[in-house]
Structure formats: structure tokens, C-alpha cells
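Source file: model.json (JSON, C-alpha atoms (C1' of nucleotides))
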```
[["chain", "number", "residue", "atom", "x", "y", "z"],
["A", 1, "MET", "CA", -16.11, -0.42, 13.92],
["A", 2, "ILE", "CA", -12.92, -0.73, 11.92],
["A", 3, "GLN", "CA", -12.63, 1.79, 9.13],
["A", 4, "LEU", "CA", -10.32, 1.94, 6.16],
["A", 5, "ASN", "CA", -8.84, 5.40, 5.90],
["A", 6, "SER", "CA", -6.94, 6.69, 2.93],
["A", 7, "ALA", "CA", -3.60, 6.06, 4.62],
["A", 8, "ASP", "CA", -4.49, 2.37, 4.90],
["A", 9, "LEU", "CA", -5.19, 2.18, 1.21],
["A", 10, "THR", "CA", -1.52, 2.83, 0.63],
["A", 11, "CYS", "CA", -0.57, -0.67, 1.70],
["A", 12, "PRO", "CA", -2.15, -3.85, 0.36],
["A", 13, "PHE", "CA", -1.33, -5.70, 3.57],
["A", 14, "THR", "CA", -2.95, -3.16, 5.83],
["A", 15, "THR", "CA", -6.01, -3.35, 3.67],
["A", 16, "ALA", "CA", -6.12, -7.12, 3.72],
["A", 17, "GLN", "CA", -5.36, -7.29, 7.42],
["A", 18, "LYS", "CA", -8.23, -4.98, 8.33],
["A", 19, "VAL", "CA", -10.75, -6.58, 6.02],
["A", 20, "LEU", "CA", -9.98, -10.08, 7.27],
["A", 21, "SER", "CA", -9.35, -9.25, 10.90],
["A", 22, "GLY", "CA", -12.64, -10.35, 12.42],
["A", 23, "LYS", "CA", -12.65, -13.62, 14.30],
["A", 24, "TRP", "CA", -15.28, -15.06, 11.96],
["A", 25, "SER", "CA", -14.63, -13.12, 8.75],
["A", 26, "LEU", "CA", -12.73, -15.83, 6.95],
["A", 27, "MET", "CA", -15.33, -18.46, 7.72],
["A", 28, "ILE", "CA", -18.25, -16.24, 6.80],
["A", 29, "ILE", "CA", -16.74, -15.40, 3.43],
["A", 30, "PHE", "CA", -15.99, -19.06, 2.89],
["A", 31, "HIS", "CA", -19.55, -20.09, 3.60],
["A", 32, "LEU", "CA", -20.91, -17.55, 1.15],
["A", 33, "LYS", "CA", -18.94, -19.09, -1.69],
["A", 34, "GLU", "CA", -21.82, -21.17, -2.96],
["A", 35, "GLY", "CA", -24.31, -18.33, -3.11],
["A", 36, "PRO", "CA", -26.61, -16.16, -1.00],
["A", 37, "VAL", "CA", -27.36, -17.32, 2.54],
["A", 38, "ARG", "CA", -29.91, -16.05, 5.01],
["A", 39, "PHE", "CA", -29.00, -14.68, 8.39],
["A", 40, "ASN", "CA", -30.19, -17.55, 10.52],
["A", 41, "ASP", "CA", -28.83, -20.18, 8.16],
["A", 42, "LEU", "CA", -25.45, -18.55, 8.50],
["A", 43, "LEU", "CA", -25.78, -18.37, 12.25],
["A", 44, "ARG", "CA", -26.50, -22.06, 12.51],
["A", 45, "LYS", "CA", -23.36, -22.99, 10.62],
["A", 46, "PHE", "CA", -21.02, -21.75, 13.31],
["A", 47, "ASP", "CA", -20.57, -23.08, 16.77],
["A", 48, "GLY", "CA", -19.92, -20.40, 19.31],
["A", 49, "LEU", "CA", -20.93, -17.51, 17.11],
["A", 50, "THR", "CA", -23.68, -15.46, 18.70],
["A", 51, "HIS", "CA", -26.53, -13.57, 17.11],
["A", 52, "SER", "CA", -25.17, -10.13, 17.86],
["A", 53, "SER", "CA", -21.60, -10.98, 16.96],
["A", 54, "LEU", "CA", -22.74, -12.19, 13.55],
["A", 55, "THR", "CA", -24.67, -8.98, 13.03],
["A", 56, "LYS", "CA", -21.59, -6.91, 13.75],
["A", 57, "GLN", "CA", -19.34, -8.99, 11.55],
["A", 58, "LEU", "CA", -21.76, -8.80, 8.64],
["A", 59, "LYS", "CA", -22.08, -5.05, 8.93],
["A", 60, "GLN", "CA", -18.32, -4.81, 9.06],
["A", 61, "LEU", "CA", -17.84, -6.89, 5.94],
["A", 62, "GLU", "CA", -20.61, -5.01, 4.21],
["A", 63, "SER", "CA", -18.89, -1.72, 4.96],
["A", 64, "PHE", "CA", -15.77, -3.13, 3.33],
["A", 65, "GLN", "CA", -17.89, -3.97, 0.29],
["A", 66, "VAL", "CA", -16.89, -7.60, 0.49],
["A", 67, "ILE", "CA", -20.42, -8.85, 1.01],
["A", 68, "HIS", "CA", -23.78, -7.64, -0.19],
["A", 69, "ARG", "CA", -26.97, -7.39, 1.87],
["A", 70, "GLU", "CA", -30.26, -7.96, 0.09],
["A", 71, "VAL", "CA", -33.43, -7.18, 1.99],
["A", 72, "TYR", "CA", -36.75, -8.71, 0.98],
["A", 73, "HIS", "CA", -39.59, -6.65, 2.28],
["A", 74, "GLN", "CA", -41.97, -9.30, 3.47],
["A", 75, "VAL", "CA", -43.32, -10.77, 6.64],
["A", 76, "PRO", "CA", -41.49, -12.45, 8.18],
["A", 77, "PRO", "CA", -38.45, -10.48, 7.03],
["A", 78, "LYS", "CA", -35.89, -12.15, 4.85],
["A", 79, "VAL", "CA", -32.34, -10.96, 4.35],
["A", 80, "GLU", "CA", -29.77, -12.65, 2.19],
["A", 81, "TYR", "CA", -26.04, -12.16, 2.25],
["A", 82, "SER", "CA", -23.81, -12.79, -0.73],
["A", 83, "LEU", "CA", -20.32, -11.98, -1.91],
["A", 84, "THR", "CA", -19.64, -8.91, -4.00],
["A", 85, "ASP", "CA", -17.26, -9.13, -6.96],
["A", 86, "LEU", "CA", -14.54, -7.98, -4.64],
["A", 87, "GLY", "CA", -15.45, -10.72, -2.23],
["A", 88, "LYS", "CA", -15.51, -13.35, -4.92],
["A", 89, "LYS", "CA", -11.98, -12.42, -5.89],
["A", 90, "LEU", "CA", -10.93, -13.67, -2.49],
["A", 91, "HIS", "CA", -11.77, -17.27, -3.39],
["A", 92, "PRO", "CA", -8.37, -18.36, -4.66],
["A", 93, "THR", "CA", -6.68, -16.73, -1.69],
["A", 94, "LEU", "CA", -9.07, -18.42, 0.72],
["A", 95, "ASP", "CA", -8.41, -21.74, -0.93],
["A", 96, "MET", "CA", -4.68, -21.28, -0.45],
["A", 97, "LEU", "CA", -5.21, -20.27, 3.15],
["A", 98, "THR", "CA", -7.25, -23.38, 3.75],
["A", 99, "GLU", "CA", -4.52, -25.48, 2.25],
["A", 100, "TRP", "CA", -1.92, -23.78, 4.39],
["A", 101, "GLY", "CA", -4.06, -24.16, 7.47],
["A", 102, "SER", "CA", -4.45, -27.87, 6.83],
["A", 103, "GLU", "CA", -0.73, -28.20, 6.26],
["A", 104, "TYR", "CA", -0.13, -26.34, 9.50],
["A", 105, "ILE", "CA", -2.43, -28.64, 11.39],
["A", 106, "LYS", "CA", -0.69, -31.69, 10.02],
["A", 107, "ASN", "CA", 2.78, -30.44, 10.92],
["A", 108, "CYS", "CA", 2.12, -28.75, 14.20],
["A", 109, "LYS", "CA", 0.37, -31.10, 16.53],
["A", 110, "GLY", "CA", 3.13, -30.16, 18.95],
["A", 111, "ILE", "CA", 2.15, -26.49, 19.07],
["A", 112, "ALA", "CA", -1.22, -26.85, 20.71],
["A", 113, "ARG", "CA", -1.55, -27.00, 24.44],
["B", 1, "MET", "CA", -0.75, -13.91, 24.05],
["B", 2, "ILE", "CA", -2.88, -15.79, 21.58],
["B", 3, "GLN", "CA", -2.58, -19.55, 21.83],
["B", 4, "LEU", "CA", -3.63, -22.29, 19.50],
["B", 5, "ASN", "CA", -5.48, -24.94, 21.41],
["B", 6, "SER", "CA", -6.36, -28.32, 20.08],
["B", 7, "ALA", "CA", -9.93, -27.25, 19.32],
["B", 8, "ASP", "CA", -8.59, -24.54, 17.02],
["B", 9, "LEU", "CA", -6.55, -27.08, 15.12],
["B", 10, "THR", "CA", -9.82, -28.59, 13.96],
["B", 11, "CYS", "CA", -10.45, -25.73, 11.55],
["B", 12, "PRO", "CA", -7.96, -24.44, 8.98],
["B", 13, "PHE", "CA", -9.56, -21.00, 9.05],
["B", 14, "THR", "CA", -9.34, -20.61, 12.79],
["B", 15, "THR", "CA", -5.73, -21.58, 12.58],
["B", 16, "ALA", "CA", -4.98, -19.13, 9.80],
["B", 17, "GLN", "CA", -7.00, -16.38, 11.42],
["B", 18, "LYS", "CA", -5.12, -16.64, 14.70],
["B", 19, "VAL", "CA", -1.70, -16.90, 13.15],
["B", 20, "LEU", "CA", -2.22, -13.89, 10.90],
["B", 21, "SER", "CA", -4.29, -11.79, 13.27],
["B", 22, "GLY", "CA", -1.64, -9.36, 14.49],
["B", 23, "LYS", "CA", -1.72, -5.88, 13.06],
["B", 24, "TRP", "CA", 1.81, -6.25, 11.67],
["B", 25, "SER", "CA", 2.04, -10.02, 11.15],
["B", 26, "LEU", "CA", 1.45, -10.00, 7.43],
["B", 27, "MET", "CA", 3.99, -7.29, 6.82],
["B", 28, "ILE", "CA", 6.59, -8.87, 9.05],
["B", 29, "ILE", "CA", 6.29, -12.19, 7.29],
["B", 30, "PHE", "CA", 6.45, -10.43, 3.96],
["B", 31, "HIS", "CA", 9.64, -8.60, 4.88],
["B", 32, "LEU", "CA", 11.33, -11.81, 5.94],
["B", 33, "LYS", "CA", 10.85, -13.34, 2.51],
["B", 34, "GLU", "CA", 14.33, -12.44, 1.30],
["B", 35, "GLY", "CA", 16.15, -13.93, 4.28],
["B", 36, "PRO", "CA", 17.09, -13.31, 7.92],
["B", 37, "VAL", "CA", 16.68, -9.77, 9.26],
["B", 38, "ARG", "CA", 17.89, -8.26, 12.52],
["B", 39, "PHE", "CA", 15.54, -6.76, 15.06],
["B", 40, "ASN", "CA", 16.37, -3.14, 14.49],
["B", 41, "ASP", "CA", 16.48, -3.48, 10.72],
["B", 42, "LEU", "CA", 12.98, -4.88, 10.88],
["B", 43, "LEU", "CA", 11.87, -2.10, 13.19],
["B", 44, "ARG", "CA", 13.13, 0.56, 10.81],
["B", 45, "LYS", "CA", 11.14, -0.83, 7.92],
["B", 46, "PHE", "CA", 7.78, 0.01, 9.43],
["B", 47, "ASP", "CA", 6.36, 3.39, 10.14],
["B", 48, "GLY", "CA", 4.33, 3.47, 13.30],
["B", 49, "LEU", "CA", 5.52, 0.14, 14.64],
["B", 50, "THR", "CA", 7.06, 0.52, 18.05],
["B", 51, "HIS", "CA", 9.88, -1.34, 19.70],
["B", 52, "SER", "CA", 7.71, -3.18, 22.16],
["B", 53, "SER", "CA", 4.96, -4.00, 19.71],
["B", 54, "LEU", "CA", 7.49, -5.59, 17.40],
["B", 55, "THR", "CA", 8.88, -7.64, 20.27],
["B", 56, "LYS", "CA", 5.43, -8.97, 21.06],
["B", 57, "GLN", "CA", 4.55, -9.72, 17.46],
["B", 58, "LEU", "CA", 7.79, -11.59, 16.91],
["B", 59, "LYS", "CA", 7.30, -13.69, 20.02],
["B", 60, "GLN", "CA", 3.77, -14.41, 18.89],
["B", 61, "LEU", "CA", 4.86, -15.51, 15.44],
["B", 62, "GLU", "CA", 7.69, -17.51, 16.93],
["B", 63, "SER", "CA", 5.25, -19.34, 19.18],
["B", 64, "PHE", "CA", 3.26, -20.25, 16.10],
["B", 65, "GLN", "CA", 6.47, -21.61, 14.58],
["B", 66, "VAL", "CA", 6.11, -19.34, 11.60],
["B", 67, "ILE", "CA", 9.38, -17.53, 12.24],
["B", 68, "HIS", "CA", 12.68, -18.62, 13.72],
["B", 69, "ARG", "CA", 14.78, -16.66, 16.21],
["B", 70, "GLU", "CA", 18.53, -17.05, 16.01],
["B", 71, "VAL", "CA", 20.61, -15.54, 18.79],
["B", 72, "TYR", "CA", 24.28, -14.74, 18.30],
["B", 73, "HIS", "CA", 26.01, -14.54, 21.64],
["B", 74, "GLN", "CA", 28.19, -11.53, 21.19],
["B", 75, "VAL", "CA", 28.48, -7.95, 22.37],
["B", 76, "PRO", "CA", 26.54, -6.08, 21.28],
["B", 77, "PRO", "CA", 23.85, -8.75, 20.99],
["B", 78, "LYS", "CA", 22.67, -9.80, 17.58],
["B", 79, "VAL", "CA", 19.40, -11.57, 16.85],
["B", 80, "GLU", "CA", 18.18, -12.61, 13.46],
["B", 81, "TYR", "CA", 14.65, -13.52, 12.50],
["B", 82, "SER", "CA", 13.81, -15.74, 9.57],
["B", 83, "LEU", "CA", 10.92, -17.76, 8.25],
["B", 84, "THR", "CA", 10.51, -21.40, 9.15],
["B", 85, "ASP", "CA", 9.47, -23.89, 6.50],
["B", 86, "LEU", "CA", 5.93, -23.38, 7.63],
["B", 87, "GLY", "CA", 6.36, -19.64, 7.24],
["B", 88, "LYS", "CA", 7.87, -20.00, 3.80],
["B", 89, "LYS", "CA", 4.84, -21.93, 2.69],
["B", 90, "LEU", "CA", 2.84, -18.77, 3.22],
["B", 91, "HIS", "CA", 4.59, -17.02, 0.34],
["B", 92, "PRO", "CA", 2.14, -17.86, -2.42],
["B", 93, "THR", "CA", -0.79, -16.98, -0.18],
["B", 94, "LEU", "CA", 0.80, -13.69, 0.76],
["B", 95, "ASP", "CA", 1.40, -12.92, -2.89],
["B", 96, "MET", "CA", -2.26, -13.52, -3.64],
["B", 97, "LEU", "CA", -3.29, -11.38, -0.71],
["B", 98, "THR", "CA", -1.10, -8.56, -1.97],
["B", 99, "GLU", "CA", -2.65, -8.85, -5.35],
["B", 100, "TRP", "CA", -6.12, -8.79, -3.87],
["B", 101, "GLY", "CA", -5.23, -5.84, -1.67],
["B", 102, "SER", "CA", -3.98, -3.91, -4.67],
["B", 103, "GLU", "CA", -7.11, -4.78, -6.59],
["B", 104, "TYR", "CA", -9.16, -3.63, -3.64],
["B", 105, "ILE", "CA", -7.32, -0.33, -3.48],
["B", 106, "LYS", "CA", -7.88, 0.25, -7.16],
["B", 107, "ASN", "CA", -11.60, -0.46, -7.01],
["B", 108, "CYS", "CA", -12.48, 1.04, -3.68],
["B", 109, "LYS", "CA", -11.31, 4.59, -3.51],
["B", 110, "GLY", "CA", -14.88, 5.32, -2.52],
["B", 111, "ILE", "CA", -14.66, 3.26, 0.66],
["B", 112, "ALA", "CA", -12.10, 5.34, 2.50],
["B", 113, "ARG", "CA", -13.19, 8.34, 4.48],
["C", 1, "DC", "C1'", 21.30, -3.97, 20.49],
["C", 2, "DT", "C1'", 17.64, -6.60, 22.15],
["C", 3, "DG", "C1'", 14.13, -7.36, 25.22],
["C", 4, "DA", "C1'", 11.25, -7.71, 29.75],
["C", 5, "DA", "C1'", 7.68, -5.47, 32.80],
["C", 6, "DT", "C1'", 3.97, -2.44, 33.63],
["C", 7, "DC", "C1'", 0.28, 0.42, 32.73],
["C", 8, "DC", "C1'", -3.31, 2.51, 29.91],
["C", 9, "DG", "C1'", -6.83, 3.31, 26.28],
["C", 10, "DA", "C1'", -9.15, 1.45, 22.50],
["C", 11, "DA", "C1'", -11.26, -2.18, 20.36],
["C", 12, "DT", "C1'", -13.64, -6.87, 20.53],
["C", 13, "DA", "C1'", -16.56, -10.56, 21.55],
["C", 14, "DG", "C1'", -20.27, -12.13, 23.80],
["C", 15, "DA", "C1'", -24.56, -12.01, 27.00],
["C", 16, "DT", "C1'", -28.91, -10.21, 27.51],
["C", 17, "DA", "C1'", -33.05, -7.82, 26.69],
["C", 18, "DC", "C1'", -36.03, -5.39, 23.49],
["C", 19, "DT", "C1'", -38.28, -4.18, 18.54],
["C", 20, "DG", "C1'", -40.79, -4.20, 13.77],
["D", 1, "DC", "C1'", -36.86, -13.48, 11.12],
["D", 2, "DA", "C1'", -33.61, -10.13, 11.55],
["D", 3, "DG", "C1'", -32.21, -6.97, 13.69],
["D", 4, "DT", "C1'", -30.86, -2.86, 17.71],
["D", 5, "DA", "C1'", -29.08, -1.30, 22.25],
["D", 6, "DT", "C1'", -26.51, -1.79, 26.24],
["D", 7, "DC", "C1'", -23.33, -3.77, 29.30],
["D", 8, "DT", "C1'", -19.16, -6.41, 30.61],
["D", 9, "DA", "C1'", -14.85, -8.98, 30.27],
["D", 10, "DT", "C1'", -11.01, -9.65, 27.79],
["D", 11, "DT", "C1'", -7.55, -8.62, 24.52],
["D", 12, "DC", "C1'", -4.30, -5.76, 22.02],
["D", 13, "DG", "C1'", -1.44, -2.19, 20.68],
["D", 14, "DG", "C1'", 1.40, 1.36, 22.17],
["D", 15, "DA", "C1'", 4.13, 4.35, 25.60],
["D", 16, "DT", "C1'", 7.34, 4.17, 29.04],
["D", 17, "DT", "C1'", 10.81, 2.51, 31.89],
["D", 18, "DC", "C1'", 14.35, -0.69, 33.24],
["D", 19, "DA", "C1'", 17.99, -4.53, 32.24],
["D", 20, "DG", "C1'", 21.47, -7.92, 30.24]]
```

Now, as a test, write the supplied structure out as C-alpha cells.
Amino acid sequence: MIQLNSADLTCPFTTAQKVLSGKWSLMIIFHLKEGPVRFNDLLRKFDGLTHSSLTKQLKQLESFQVIHREVYHQVPPKVEYSLTDLGKKLHPTLDMLTEWGSEYIKNCKGIAR
Amino acid sequence: MIQLNSADLTCPFTTAQKVLSGKWSLMIIFHLKEGPVRFNDLLRKFDGLTHSSLTKQLKQLESFQVIHREVYHQVPPKVEYSLTDLGKKLHPTLDMLTEWGSEYIKNCKGIAR
DNA sequence: CTGAATCCGAATAGATACTG
DNA sequence: CAGTATCTATTCGGATTCAG
């Protein structure tokens, strides 16, 4: 698993790059914007994302303290994921990224193969 | 090398994630903000970035049409890298990311090991 | 000065099977 | 329902060497 060491915390970009590096990280964070979501609900939102990959990504993001994991001790088990304050602060950046991504898509039909 | 296929261009996040995924991408783009930079000048700016890794990253970013490669046919060779319009549009997002990264660093001394 | 080619180790993503 | 454990294939970054 990716770890942030103290050397990384010298550079804002290294920090951001590591935190957002997972293939699904951006989308997971985006889908938690509206509030807590359960594991399987999250899983169903993404096409091509597998059970175990989601588990790993969530643990990763949790270790970065970007998302919070709330366990309800009941049967059947229930676990909800939500954004931490740190995670919520990513909203405006995510919105800009989305905008840029859309712009990119509009302008770059020629890039895809 | 990472490629954007037409399926990717369906989702702004996938697009953004792929384009910015390289370990040095964010920093390279950031350092091109002020204008064109030569290969070796760029190389010297980063500690731990090797010659061949930089070559690959630049080709990658060029393929995404985020940076432009200008070759001056002279001896010794001179090549300058600069941001394309698409790349320039990343500025505000990068600035927000920097801000977030700094915020993260301030709040999360406890995360590093 | 700039960059291509190759090779290697580490890190991912995903498939599958098993558990409380 | 929400995991864990293990295995595999692929990718990625970096070192090294060679070339225009």
C-alpha cells in the first residue's frame, strides 16, 4: 500500500499525487460528496470495479484520512463510508477537475484511438 | 504507455486520472507554468527524477496534448517543452491542488511514518 | 544535449475462493 | 453484507547502455 512518508509531506504535489493516484480514487471521492454510502452501494455505482479492488482503494483512502469508515455492529453487517473534513476540502478541486476533463473531452476527440 | 481510448473519454474523472497519473506529471506541468523550459533545465529541477523517467513522462504528457515539444535543429540539439492551451487550462486546478496539499500537510503530520 | 532500447523490481488491478 | 487471503498479469519507474 502507498504510504506518505515525511519526505513526501515536503511537497504539496507529491502529497496530492499519492492521495489521488488510485484508478478509482477520484470517482470514489466524488460519489461520497452527497453523504455516507454503504460498501455495496458504492460498488454498484462503478462499472468494472471489483469487490476486492474497492476494498483496497477504500483502505488506502482511509489511511490517507480522506474518507471515514463507520462500522455498525449488527447482522447483517453495515459499513458506511463518508468524507472526512480533509476529504470535503477536495470538493472545489474535484469540481475544477471535472470541468477540465469535460473541456478536454470536447477538444480532444482526435486523441483517442 | 497509457492511452486514452474512446471509452475513457466518456468520464471526465477517468480522463483526468489518466492524464495526471504519472509520478512527476503534476510537478512537470507546474514547472512549465512560466514558459518553455529545456530538457536538462527541467531535469535539474527535480530531485530523484532520472533522465529516462523524464523522457517517458514528457512523451506521455505530449501524447495527451497537455505539453508541446519544440525542436530546434542545431548542434548541440535544443528542445523546449511548453504547455498547450489544454495544459494551461490546468493552472487553476493545479493551484487548488497545491493549496489542498499544503492544507493536508499542515493537518496531517500524524499520518506520516 | 536529447533521446531510444532494454532489463529489472516494485507496485497495481483484478480474479477467485473463503469467512464472520 | 462486508470483508480477507492468495494468485496472476500488467504496468511503471528507474538504472544502464547506446546513438544522433

Practice item. Excluding A:Thr50 and residues on its chain fewer than 4 positions from it, collect all residues at most 8 Å away from it, counting only C-alpha atoms (C1' of nucleotides), and give them as JSON, numbers by chain. Key: {"A": [43, 54], "C": [14]}

Go ahead and save the residues from that selection, with C-alpha atoms (C1' of nucleotides), as an mmCIF file, keeping the file's coordinate frame.
```
data_model
loop_
_atom_site.group_PDB
_atom_site.id
_atom_site.type_symbol
_atom_site.label_atom_id
_atom_site.label_comp_id
_atom_site.auth_asym_id
_atom_site.auth_seq_id
_atom_site.Cartn_x
_atom_site.Cartn_y
_atom_site.Cartn_z
ATOM 1 C CA LEU A 43 -25.780 -18.370 12.250
ATOM 2 C CA LEU A 54 -22.740 -12.190 13.550
ATOM 3 C "C1'" DG C 14 -20.270 -12.130 23.800
#
```

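In plain terms, chain A touches chain D through Phe39, Asn40, Thr55, Pro76, Pro77, Lys78 and Val79 of chain A, where touching means an atom at most 8 Å away, counting all atoms listed in the file.
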
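Between atom C1' of C:DA10 and atom CA of B:Leu4 the interatomic distance comes to 24.6 Å.
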
Rows by chain and residue number, chain A within 9 Å of chain C, shortest pair, only C-alpha atoms (C1' of nucleotides), as a Markdown table:
```
| residue | atom | partner | partner_atom | distance |
| --- | --- | --- | --- | --- |
| A:Met1 | CA | C:DA11 | C1' | 8.3 |
| A:Ile2 | CA | C:DA11 | C1' | 8.7 |
| A:Gly22 | CA | C:DT12 | C1' | 8.9 |
| A:Lys23 | CA | C:DA13 | C1' | 8.8 |
| A:Leu49 | CA | C:DG14 | C1' | 8.6 |
| A:Thr50 | CA | C:DG14 | C1' | 7.0 |
| A:Ser52 | CA | C:DG14 | C1' | 8.0 |
| A:Ser53 | CA | C:DA13 | C1' | 6.8 |
```

Practice item. Provide the atom CA of B:Asn5 to atom CA of B:Ile67 distance in Å, to one decimal place. Key: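 Interatomic distance here is 19.0 Å.
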
Exercise for review: List every protein, DNA or RNA residue with an atom no more than 12 Å from (-13.8, -12.6, -4.9) in the file's coordinates, counting all atoms listed in the file, and format the result as a list in words.
Suggested key: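 Protein, DNA and RNA residues close to (-13.8, -12.6, -4.9): Ile29, Phe30, Leu32, Lys33, Glu34, Gln65, Val66, Ile67, Ser82, Leu83, Thr84, Asp85, Leu86, Gly87, Lys88, Lys89, Leu90, His91, Pro92, Thr93, Leu94 and Asp95 of chain A; Met96, Leu97, Glu99, Trp100, Gly101, Glu103 and Tyr104 of chain B.
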
Study note, to complete from the structure: The distance between atom CA of A:Ser25 and atom CA of B:Asp47 is 26.7 Å

What would stretch 15-36 of chain A look like with N, CA, C and O atoms restored, written as a PDB file, keeping the file's coordinate frame?
```pdb
ATOM      1  N   THR A  15      -4.655  -3.156   4.178  1.00  0.00           N
ATOM      2  CA  THR A  15      -6.010  -3.350   3.670  1.00  0.00           C
ATOM      3  C   THR A  15      -6.503  -4.753   3.947  1.00  0.00           C
ATOM      4  O   THR A  15      -7.554  -4.951   4.566  1.00  0.00           O
ATOM      5  N   ALA A  16      -5.727  -5.731   3.536  1.00  0.00           N
ATOM      6  CA  ALA A  16      -6.120  -7.120   3.720  1.00  0.00           C
ATOM      7  C   ALA A  16      -6.274  -7.459   5.196  1.00  0.00           C
ATOM      8  O   ALA A  16      -7.241  -8.115   5.602  1.00  0.00           O
ATOM      9  N   GLN A  17      -5.336  -6.985   5.991  1.00  0.00           N
ATOM     10  CA  GLN A  17      -5.360  -7.290   7.420  1.00  0.00           C
ATOM     11  C   GLN A  17      -6.645  -6.778   8.061  1.00  0.00           C
ATOM     12  O   GLN A  17      -7.282  -7.473   8.838  1.00  0.00           O
ATOM     13  N   LYS A  18      -7.027  -5.562   7.720  1.00  0.00           N
ATOM     14  CA  LYS A  18      -8.230  -4.980   8.330  1.00  0.00           C
ATOM     15  C   LYS A  18      -9.490  -5.693   7.854  1.00  0.00           C
ATOM     16  O   LYS A  18     -10.385  -5.993   8.645  1.00  0.00           O
ATOM     17  N   VAL A  19      -9.554  -5.954   6.565  1.00  0.00           N
ATOM     18  CA  VAL A  19     -10.750  -6.580   6.020  1.00  0.00           C
ATOM     19  C   VAL A  19     -10.962  -7.982   6.594  1.00  0.00           C
ATOM     20  O   VAL A  19     -12.086  -8.388   6.859  1.00  0.00           O
ATOM     21  N   LEU A  20      -9.868  -8.696   6.822  1.00  0.00           N
ATOM     22  CA  LEU A  20      -9.980 -10.080   7.270  1.00  0.00           C
ATOM     23  C   LEU A  20      -9.787 -10.250   8.766  1.00  0.00           C
ATOM     24  O   LEU A  20      -9.690 -11.372   9.254  1.00  0.00           O
ATOM     25  N   SER A  21      -9.757  -9.154   9.513  1.00  0.00           N
ATOM     26  CA  SER A  21      -9.350  -9.250  10.900  1.00  0.00           C
ATOM     27  C   SER A  21     -10.376  -9.886  11.830  1.00  0.00           C
ATOM     28  O   SER A  21     -10.021 -10.425  12.860  1.00  0.00           O
ATOM     29  N   GLY A  22     -11.635  -9.798  11.519  1.00  0.00           N
ATOM     30  CA  GLY A  22     -12.640 -10.350  12.420  1.00  0.00           C
ATOM     31  C   GLY A  22     -12.447 -11.836  12.685  1.00  0.00           C
ATOM     32  O   GLY A  22     -11.980 -12.589  11.835  1.00  0.00           O
ATOM     33  N   LYS A  23     -12.837 -12.229  13.886  1.00  0.00           N
ATOM     34  CA  LYS A  23     -12.650 -13.620  14.300  1.00  0.00           C
ATOM     35  C   LYS A  23     -13.374 -14.587  13.370  1.00  0.00           C
ATOM     36  O   LYS A  23     -12.943 -15.724  13.186  1.00  0.00           O
ATOM     37  N   TRP A  24     -14.483 -14.155  12.777  1.00  0.00           N
ATOM     38  CA  TRP A  24     -15.280 -15.060  11.960  1.00  0.00           C
ATOM     39  C   TRP A  24     -15.272 -14.697  10.474  1.00  0.00           C
ATOM     40  O   TRP A  24     -15.891 -15.400   9.655  1.00  0.00           O
ATOM     41  N   SER A  25     -14.600 -13.627  10.131  1.00  0.00           N
ATOM     42  CA  SER A  25     -14.630 -13.120   8.750  1.00  0.00           C
ATOM     43  C   SER A  25     -14.294 -14.174   7.713  1.00  0.00           C
ATOM     44  O   SER A  25     -15.034 -14.385   6.748  1.00  0.00           O
ATOM     45  N   LEU A  26     -13.169 -14.835   7.923  1.00  0.00           N
ATOM     46  CA  LEU A  26     -12.730 -15.830   6.950  1.00  0.00           C
ATOM     47  C   LEU A  26     -13.790 -16.896   6.740  1.00  0.00           C
ATOM     48  O   LEU A  26     -14.119 -17.251   5.605  1.00  0.00           O
ATOM     49  N   MET A  27     -14.347 -17.370   7.831  1.00  0.00           N
ATOM     50  CA  MET A  27     -15.330 -18.460   7.720  1.00  0.00           C
ATOM     51  C   MET A  27     -16.629 -17.986   7.093  1.00  0.00           C
ATOM     52  O   MET A  27     -17.251 -18.717   6.332  1.00  0.00           O
ATOM     53  N   ILE A  28     -17.034 -16.773   7.403  1.00  0.00           N
ATOM     54  CA  ILE A  28     -18.250 -16.240   6.800  1.00  0.00           C
ATOM     55  C   ILE A  28     -18.076 -16.136   5.289  1.00  0.00           C
ATOM     56  O   ILE A  28     -18.922 -16.599   4.514  1.00  0.00           O
ATOM     57  N   ILE A  29     -16.995 -15.540   4.867  1.00  0.00           N
ATOM     58  CA  ILE A  29     -16.740 -15.400   3.430  1.00  0.00           C
ATOM     59  C   ILE A  29     -16.716 -16.769   2.769  1.00  0.00           C
ATOM     60  O   ILE A  29     -17.281 -16.965   1.698  1.00  0.00           O
ATOM     61  N   PHE A  30     -16.063 -17.705   3.445  1.00  0.00           N
ATOM     62  CA  PHE A  30     -15.990 -19.060   2.890  1.00  0.00           C
ATOM     63  C   PHE A  30     -17.365 -19.672   2.697  1.00  0.00           C
ATOM     64  O   PHE A  30     -17.653 -20.277   1.663  1.00  0.00           O
ATOM     65  N   HIS A  31     -18.227 -19.466   3.674  1.00  0.00           N
ATOM     66  CA  HIS A  31     -19.550 -20.090   3.600  1.00  0.00           C
ATOM     67  C   HIS A  31     -20.495 -19.391   2.636  1.00  0.00           C
ATOM     68  O   HIS A  31     -21.577 -19.889   2.352  1.00  0.00           O
ATOM     69  N   LEU A  32     -20.075 -18.237   2.141  1.00  0.00           N
ATOM     70  CA  LEU A  32     -20.910 -17.550   1.150  1.00  0.00           C
ATOM     71  C   LEU A  32     -20.477 -17.887  -0.276  1.00  0.00           C
ATOM     72  O   LEU A  32     -21.047 -17.399  -1.247  1.00  0.00           O
ATOM     73  N   LYS A  33     -19.472 -18.737  -0.373  1.00  0.00           N
ATOM     74  CA  LYS A  33     -18.940 -19.090  -1.690  1.00  0.00           C
ATOM     75  C   LYS A  33     -19.989 -19.623  -2.640  1.00  0.00           C
ATOM     76  O   LYS A  33     -20.011 -19.304  -3.825  1.00  0.00           O
ATOM     77  N   GLU A  34     -20.872 -20.451  -2.108  1.00  0.00           N
ATOM     78  CA  GLU A  34     -21.820 -21.170  -2.960  1.00  0.00           C
ATOM     79  C   GLU A  34     -23.008 -20.314  -3.386  1.00  0.00           C
ATOM     80  O   GLU A  34     -23.790 -20.736  -4.234  1.00  0.00           O
ATOM     81  N   GLY A  35     -23.168 -19.172  -2.765  1.00  0.00           N
ATOM     82  CA  GLY A  35     -24.310 -18.330  -3.110  1.00  0.00           C
ATOM     83  C   GLY A  35     -24.903 -17.663  -1.884  1.00  0.00           C
ATOM     84  O   GLY A  35     -24.385 -17.830  -0.775  1.00  0.00           O
ATOM     85  N   PRO A  36     -25.994 -16.927  -2.075  1.00  0.00           N
ATOM     86  CA  PRO A  36     -26.610 -16.160  -1.000  1.00  0.00           C
ATOM     87  C   PRO A  36     -27.079 -17.062   0.136  1.00  0.00           C
ATOM     88  O   PRO A  36     -27.563 -18.170  -0.091  1.00  0.00           O
TER      89      PRO A  36
END
```
